[in-house]
Structures are given as structure tokens and as C-alpha cells.
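Undergrad: This is the structure I have questions about; it appears just below.
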Amino acid sequence: MSVFNRLLIILLALVLLVAAAAVLLTTLRVTQPEQLSPTPWFVDRLVPFTQLDPTLWSWTVGASIVLLLVGLLLLFLELRPGPRAAPQITLKEDGLGRVTVTRDGVRELADREAGRVAGVMTVRSQVDEDPTGLRILCRISVDPASSVPEMTHELQQRLKAVVEHHLGLPVAQVSVDAQVAPLLSDRRPRRRVQ
Amino acid sequence: MDAAGAHASEVSLARAVVAAVRGVPSVANLSPGRFAEAATYGPGERVRGVVIHRAGGALDIEVHVCALYVDSLVLPELAARVRIAVRQLVEGVGAGPLGRIDVDFDDLRIEEEMRG
């Protein structure tokens, strides 16, 4: 949603809140219309709510409360902090500008390359960045018939080479967290290779 | 130039940038932005994938790209090719002095996905 639309909804929610609160306070006779309103125009709009018959009074109180809640909900939805933007990884920044890639993109790249290693069944990678370079944690489920040490070694070499090649950034560490398939029924301890 | 005219020229330039960047090998397409909409807005239209700012007379251009993932892909080199394409275009149309060109790779698209 654009900033303009968001501001418009916040403004409308505030107007709704003020109007609903004024009508509710007037209808419940908590305050007089003159005390609530700075302008005669608004006082004229509120005065009829001081002379409601019992049925209309109940409806007005109910509707005001609903509108008040709707206004609060809209305001809450618009003012709450948005989802945290998934971070990007900066590949290069100089006087000409900046080059970035999304962390999700790098993760997908790592997943894809890890999936190409024979014996890897499923992959879930995580990519972090620190001053020494990228740190990749690759969680894999593996074919029970394959050799985990050999596979993880190949995976580490491959991921490091491929990610460095595609991104032009150093890969400081590739950790592999391997679990023999099937993941759900297998209770054997996982082997982690650093 | 009035505000409407400036917006119109920025939108035209953004459209031309989209066309130029699409022509760069290994660019699958432009991305509308992954976390927030990246677009240039004009009267009644928007061009997604390119954001143009005028800062102190210079044009700063932000290009959001989906790269085509192939084994030979090297993102910094692709970014350099995208920058060259944008620079040549801006200089060719005489759109004014060029400031920064930021290239954001929002997505890596795999060839099989393209065919599918």
C-alpha cells in the first residue's frame, strides 16, 4: 500500500474515532456537546443525540461502540510496524552505486546447489553474513545408503565454490547438519561437520 | 519543467531503462521489488522495476532485476553490464547527468522455471 493510501486511512480512522467518541459521550450524557466541540457546526451535529428515544439511544450507543472499535482496529493495523524486511546482502558498493542480492536468493542458490549433490534428499539452508564473509548453514536429509562424511565434504566444497563464483563474495564457513532420511522416523543422532 | 512534465519524462526514461535492461543477457526480467514496490510513478501510470530520483540535478537510478540463474552467472559482472546499458541509454537520450546506479537482484530465476 502506498504512503498516501496509508495516510488517508489513518486520517479517516482518526475522524471516525473522534466522531464515534463524541457521539457516544454525548449519547451517554457524559459531557455536553458544547464541551466537546470547538465549533458550532459540530455542536449542531451532536445536539440531536441528547434527545434520543430509548430504542434509538440503544442503537446509537451500540453503533458508536462498533465504529469506535473499527476506528481503533484500522489505526492499529496501519500504525503497527510492518513485517521486518528480509535483509539483503551487499555485493558491492562504490561511487557508482550499490549492488545487492536478497538473502532469500542466496539461500535458494545454496539449496539448489546442495540438491545437486548425489545422496542429498532435501535441503534447507540459512545464510548469514559477518565481516569475514558469508556463513552458510545447510540442513540436509540424506540417503541412508550414502556416505555422510564424503557427501558433506563434497557439499561444503561445492557450496563454497559456487556461492563465491556467483556472488563474488568470500564464503567464510559452510556448516552441514546432516540427518539420515527419513527425517520423521529416524531417531539417530545428527552429525554436524564444520 | 513543471512537476507533471518532470514525472512524464521520468516515466518515459524508466520505460526506456526497462527495455534496455531486459536486453542485457542473463536478465530474466525486472522485479517489482521484493520488500516494497519499486516503481517510477507518473500521471496515471507506473513503471515497475525502476526507481528514478533526481538529486541535485543528477539522476539516481535504482534497477530491480530478476537474474537468470545459469552456471556462468556472476552477479557483480551482470550488475556491471546492467549499469553499462543504463548509462548508455541515459547518455544517449541526453536525460542529464547521471549519479548512482543501484542494482538490486531481487530474485534468481532458474531456466526450468522460465520454460515452465
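To be explicit about the labels: the chains of the C-alpha cells are called A, B, and onward in the order shown, and within each one the residues are counted from 1, while ligands get numbers from 1 in the order they are shown.
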How close does chain B get to chain A? List, as JSON lines, each residue of chain B within 7 Å, its nearest atom pair and the distance in Å to one decimal, counting only C-alpha atoms.
TA:
```
{"residue": "B:Phe35", "atom": "CA", "partner": "A:Ala85", "partner_atom": "CA", "distance": 5.9}
{"residue": "B:Leu73", "atom": "CA", "partner": "A:His166", "partner_atom": "CA", "distance": 5.7}
{"residue": "B:Val74", "atom": "CA", "partner": "A:His166", "partner_atom": "CA", "distance": 4.3}
{"residue": "B:Leu75", "atom": "CA", "partner": "A:Leu167", "partner_atom": "CA", "distance": 5.5}
{"residue": "B:Pro76", "atom": "CA", "partner": "A:Gly168", "partner_atom": "CA", "distance": 6.7}
{"residue": "B:Ala79", "atom": "CA", "partner": "A:Val99", "partner_atom": "CA", "distance": 6.8}
{"residue": "B:Arg100", "atom": "CA", "partner": "A:Gly97", "partner_atom": "CA", "distance": 4.6}
{"residue": "B:Ile101", "atom": "CA", "partner": "A:Gly97", "partner_atom": "CA", "distance": 4.9}
{"residue": "B:Asp102", "atom": "CA", "partner": "A:Arg98", "partner_atom": "CA", "distance": 4.6}
{"residue": "B:Val103", "atom": "CA", "partner": "A:Val99", "partner_atom": "CA", "distance": 4.8}
{"residue": "B:Asp104", "atom": "CA", "partner": "A:Thr100", "partner_atom": "CA", "distance": 4.7}
{"residue": "B:Phe105", "atom": "CA", "partner": "A:Val101", "partner_atom": "CA", "distance": 4.5}
{"residue": "B:Asp106", "atom": "CA", "partner": "A:Thr102", "partner_atom": "CA", "distance": 5.6}
{"residue": "B:Asp107", "atom": "CA", "partner": "A:Gly105", "partner_atom": "CA", "distance": 5.5}
{"residue": "B:Leu108", "atom": "CA", "partner": "A:Gly105", "partner_atom": "CA", "distance": 5.9}
```
Undergrad: With N, CA and C atoms retained, could you export that selection as a PDB file, in the first residue's frame?
TA:
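This is the output file selection-v3.pdb:
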```
ATOM      1  N   PHE B  35      10.471  -6.262  -1.204  1.00  0.00           N
ATOM      2  CA  PHE B  35      10.022  -5.875   0.141  1.00  0.00           C
ATOM      3  C   PHE B  35       9.096  -4.670   0.095  1.00  0.00           C
ATOM      4  N   LEU B  73      26.616 -17.585 -14.373  1.00  0.00           N
ATOM      5  CA  LEU B  73      26.171 -16.304 -13.813  1.00  0.00           C
ATOM      6  C   LEU B  73      27.134 -15.797 -12.732  1.00  0.00           C
ATOM      7  N   VAL B  74      27.577 -14.561 -12.898  1.00  0.00           N
ATOM      8  CA  VAL B  74      28.366 -13.885 -11.867  1.00  0.00           C
ATOM      9  C   VAL B  74      27.663 -12.551 -11.621  1.00  0.00           C
ATOM     10  N   LEU B  75      27.073 -12.416 -10.471  1.00  0.00           N
ATOM     11  CA  LEU B  75      26.191 -11.261 -10.240  1.00  0.00           C
ATOM     12  C   LEU B  75      26.912  -9.909 -10.352  1.00  0.00           C
ATOM     13  N   PRO B  76      28.108  -9.734  -9.786  1.00  0.00           N
ATOM     14  CA  PRO B  76      28.753  -8.425  -9.945  1.00  0.00           C
ATOM     15  C   PRO B  76      29.013  -8.079 -11.414  1.00  0.00           C
ATOM     16  N   ALA B  79      25.734  -7.076 -12.890  1.00  0.00           N
ATOM     17  CA  ALA B  79      25.406  -5.713 -12.435  1.00  0.00           C
ATOM     18  C   ALA B  79      26.175  -4.685 -13.256  1.00  0.00           C
ATOM     19  N   ARG B 100      24.152   7.869  -9.142  1.00  0.00           N
ATOM     20  CA  ARG B 100      24.338   6.454  -8.803  1.00  0.00           C
ATOM     21  C   ARG B 100      23.429   5.558  -9.637  1.00  0.00           C
ATOM     22  N   ILE B 101      23.901   4.376  -9.905  1.00  0.00           N
ATOM     23  CA  ILE B 101      23.024   3.337 -10.460  1.00  0.00           C
ATOM     24  C   ILE B 101      23.097   2.157  -9.498  1.00  0.00           C
ATOM     25  N   ASP B 102      22.038   1.956  -8.768  1.00  0.00           N
ATOM     26  CA  ASP B 102      21.986   0.826  -7.836  1.00  0.00           C
ATOM     27  C   ASP B 102      21.329  -0.352  -8.534  1.00  0.00           C
ATOM     28  N   VAL B 103      21.907  -1.519  -8.367  1.00  0.00           N
ATOM     29  CA  VAL B 103      21.324  -2.731  -8.969  1.00  0.00           C
ATOM     30  C   VAL B 103      20.982  -3.697  -7.841  1.00  0.00           C
ATOM     31  N   ASP B 104      19.720  -4.030  -7.740  1.00  0.00           N
ATOM     32  CA  ASP B 104      19.262  -4.969  -6.706  1.00  0.00           C
ATOM     33  C   ASP B 104      18.780  -6.250  -7.375  1.00  0.00           C
ATOM     34  N   PHE B 105      19.415  -7.355  -7.035  1.00  0.00           N
ATOM     35  CA  PHE B 105      18.959  -8.644  -7.557  1.00  0.00           C
ATOM     36  C   PHE B 105      17.902  -9.181  -6.585  1.00  0.00           C
ATOM     37  N   ASP B 106      16.674  -9.066  -6.987  1.00  0.00           N
ATOM     38  CA  ASP B 106      15.570  -9.474  -6.108  1.00  0.00           C
ATOM     39  C   ASP B 106      15.266 -10.955  -6.215  1.00  0.00           C
ATOM     40  N   ASP B 107      15.685 -11.550  -7.301  1.00  0.00           N
ATOM     41  CA  ASP B 107      15.326 -12.953  -7.493  1.00  0.00           C
ATOM     42  C   ASP B 107      16.321 -13.590  -8.462  1.00  0.00           C
ATOM     43  N   LEU B 108      16.518 -14.875  -8.270  1.00  0.00           N
ATOM     44  CA  LEU B 108      17.304 -15.650  -9.229  1.00  0.00           C
ATOM     45  C   LEU B 108      16.336 -16.631  -9.873  1.00  0.00           C
TER      46      LEU B 108
END
```
Undergrad: Give me the residues within 10 Å of Ala19 (chain B) as a tab-separated table (two decimals) with N, CA, C and O atoms, in the first residue's frame, counting only C-alpha atoms and dropping any in the same chain fewer than 6 places off.
TA:
```tsv
chain	number	residue	atom	x	y	z
B	13	LEU	N	11.64	7.79	-19.29
B	13	LEU	CA	13.01	7.29	-19.10
B	13	LEU	C	12.99	5.92	-18.43
B	13	LEU	O	13.73	5.01	-18.82
B	29	ASN	N	14.13	-10.71	-16.12
B	29	ASN	CA	13.10	-9.66	-16.18
B	29	ASN	C	13.43	-8.63	-15.12
B	29	ASN	O	14.37	-8.80	-14.35
B	30	LEU	N	12.62	-7.60	-15.07
B	30	LEU	CA	12.75	-6.66	-13.96
B	30	LEU	C	11.80	-7.10	-12.85
B	30	LEU	O	10.79	-7.75	-13.12
B	85	ALA	N	24.43	-0.67	-19.66
B	85	ALA	CA	23.24	-0.49	-20.50
B	85	ALA	C	22.46	0.76	-20.08
B	85	ALA	O	22.01	1.55	-20.93
B	86	VAL	N	22.33	0.96	-18.78
B	86	VAL	CA	21.57	2.12	-18.28
B	86	VAL	C	22.33	3.41	-18.61
B	86	VAL	O	21.75	4.39	-19.07
B	89	LEU	N	22.08	4.29	-22.23
B	89	LEU	CA	20.74	4.79	-22.56
B	89	LEU	C	20.57	6.23	-22.10
B	89	LEU	O	20.13	7.09	-22.88
```
Undergrad: List every residue of chain A that DSSP, applied to the backbone of this structure, assigns to strand (DSSP E), and report them as JSON, numbers by chain.
TA: {"A": [88, 89, 90, 91, 92, 93, 94, 97, 98, 99, 100, 101, 102, 120, 121, 122, 123, 124, 125, 126, 127, 128, 129, 130, 133, 134, 135, 136, 137, 138, 139, 140, 141, 142, 171, 172, 173, 174, 175, 176, 177, 178, 179, 180, 191, 192, 193]}
Undergrad: How would you write, as JSON, numbers by chain, the set of residues in region 10-170 of chain A that DSSP gives as alpha helix (DSSP H)?
TA: {"A": [10, 11, 12, 13, 14, 15, 16, 17, 18, 19, 20, 21, 22, 23, 24, 25, 26, 27, 33, 34, 35, 36, 40, 41, 42, 43, 44, 45, 46, 54, 55, 56, 57, 58, 59, 60, 61, 62, 63, 64, 65, 66, 67, 68, 69, 70, 71, 72, 73, 74, 75, 76, 77, 78, 79, 103, 104, 105, 106, 107, 108, 109, 110, 111, 112, 113, 114, 115, 148, 149, 150, 151, 152, 153, 154, 155, 156, 157, 158, 159, 160, 161, 162, 163, 164, 165, 166, 167]}
Undergrad: For CA of Thr31 (chain A) and CA of Ile9 (chain A), determine how far apart the two atoms are, in Å to one decimal place.
TA: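 Rounded to one decimal, the two atoms are 28.2 Å apart.
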Undergrad: For region 61-73 of chain A, find every residue with an atom within 6 Å (counting only C-alpha atoms), except residues of its own chain fewer than 5 positions away, and show them as a list in words.
TA: Ala13, Leu16, Leu17, Ala20 and Leu24 of chain A
Undergrad: Which residues are near Glu113 (chain A)? Cut-off 12 Å, only C-alpha atoms, ignore same chain within fewer than 5 positions. Put them as a ChimeraX atom specification.
TA: /A:106-108,118,120,122-125,138,140,154-163,166 /B:69-71,110
Undergrad: Please report the interatomic distance between CA of Val63 (chain B) and CA of Glu77 (chain B) in Å with one decimal.
TA: 14.9 Å
Undergrad: Could you list, as a PyMOL selection string, every residue within 12 Å of Trp57 (chain A), counting only C-alpha atoms and ignoring same-chain residues fewer than 5 positions away?
TA: chain A and resi 23-29+48-52+62-64
Undergrad: Take CA of Leu98 (chain B) and CA of Thr40 (chain B) and report the distance between them in Å, one decimal.
TA: 16.5 Å
